[in-house]
Amino acid sequence: APATCGRGKVMTHSSPTFRPGRRSEFGGSIHRSSKEQQVKRLIQSCIFVAVTILVTAGPGHAQRAKALVGAIGGATTSDICCTINTGSRWGGTAGLFAAFRASRQTVISLEALWTQKGGSPVRMDYLEIPLTFGASMPTGNGDWRARFYTGIGIAFKLSCNSTDSFGSINFDCDNANSTEWSWPFGLLLARVNPNGSIFGFDIRYNYGLSDTFKNLNSSHNRTWYFRLLYGLPVGN
């Protein structure tokens, strides 16, 4: 009900007015940013493609499919862009992978990795989980296989260490986001041994889709991976 104040003036209580494309009186965003919508669409597209590959593989492919599990590791070189462009820094990466042959020439792979990213002067350690899919093609006499792939990845921050500022930018690790979405794509070249095991080399580029720091818009990790891998066959 209206309340009176002073000389009988009537005060009414009204809710804050929200207008599309603006921020509320409490500082909250009414709509998701276009960047968040683009990331969401990319994630949905990658999941849709992966599920479609599995569904269309069919029982005939499933009987011939082979799975591999193994270890992978190597070196990384990373920087942060794009509002700022830091110097690059070297780091490491190591973890486990599982790969499934969904069809004669299609492989889906899931990895769990410890990965160092960031850029001079900040180092960031992540637990990274990329899901990739791509075409696997025999080379030479069939003893070697090449696989071009892409996918989507999510990483969870394990640690952050900033040793200095970068120009006027101070990398405050308290403002580092706890999760990161990324877009990986790369090339894997592996030798297939007579027992079905593989040994190979992998080159990957990983572009961060989400901001690395809350207080720095368009601050994305850009990371190159140079890795060796060894896998053993499981199943039929």
# chains A, B, ... in the order shown; residues from 1 in each chain; ligands from 1
$ residues_around --residues "Ala135 (chain A)" --least-positions-apart "4" --cutoff "7 Å" --atoms "only C-alpha atoms" --output "MDAnalysis selection string"
chainID A and resid 105:107 147:149
$ residues_around --residues "region 175-185 of chain A" --least-positions-apart "2" --cutoff "7 Å" --atoms "only C-alpha atoms" --output "VMD selection string"
chain A and resid 149 to 157 172 to 173 204 to 210 212 to 215
$ closest_residue --among "A:Gly142, A:Lys117, A:Ser109, A:Ser78" --to "Ile129 (chain A)" --atoms "only C-alpha atoms"
A:Ser109
$ select_by_dssp --residues "region 38-208 of chain A" --states "alpha helix (DSSP H)" --output "ChimeraX atom specification"
/A:38-64
$ write_last_selection --atoms "C-alpha atoms" --output "compact mmCIF listing (two decimals), in the first residue's frame"
# COMPACT_ATOMS: atom_id res chain seq x y z
CA GLN A 38 29.07 -18.55 -28.69
CA VAL A 39 30.88 -20.87 -26.26
CA LYS A 40 27.60 -22.61 -25.41
CA ARG A 41 26.77 -23.12 -29.09
CA LEU A 42 30.24 -24.54 -29.77
CA ILE A 43 29.96 -26.97 -26.84
CA GLN A 44 26.52 -28.10 -27.98
CA SER A 45 27.77 -28.58 -31.56
CA CYS A 46 30.75 -30.69 -30.46
CA ILE A 47 28.57 -32.88 -28.22
CA PHE A 48 26.03 -33.30 -31.04
CA VAL A 49 28.73 -34.35 -33.53
CA ALA A 50 30.26 -36.84 -31.06
CA VAL A 51 26.86 -38.40 -30.26
CA THR A 52 25.97 -38.55 -33.96
CA ILE A 53 29.20 -40.40 -34.75
CA LEU A 54 28.48 -42.95 -32.01
CA VAL A 55 24.87 -43.47 -33.10
CA THR A 56 25.65 -43.79 -36.82
CA ALA A 57 28.55 -46.18 -36.16
CA GLY A 58 25.99 -49.01 -35.95
CA PRO A 59 26.36 -52.54 -34.63
CA GLY A 60 28.57 -53.61 -37.55
CA HIS A 61 31.16 -50.98 -36.68
CA ALA A 62 30.90 -51.65 -32.96
CA GLN A 63 31.98 -55.28 -33.50
CA ARG A 64 35.15 -54.17 -35.31
$ select_by_dssp --residues "region 72-182 of chain A" --states "strand (DSSP E)" --output "MDAnalysis selection string"
chainID A and resid 72:82 89:103 106:119 122:139 144:162 179:182
$ closest_residue --among "A:Trp90, A:Phe97, A:Trp144, A:Trp114" --to "Tyr230 (chain A)" --atoms "only C-alpha atoms"
A:Phe97
$ closest_residue --among "A:Gly118, A:Glu128, A:Phe201, A:Asn195" --to "Ala146 (chain A)" --atoms "only C-alpha atoms"
A:Phe201
$ closest_residue --among "A:Ser136, A:Gly73, A:Leu229, A:Leu127" --to "Phe199 (chain A)" --atoms "only C-alpha atoms"
A:Leu229
$ residues_around --residues "Cys160 (chain A)" --least-positions-apart "5" --cutoff "7 Å" --atoms "only C-alpha atoms" --output "NGL selection string"
:A and (123-125 or 173)
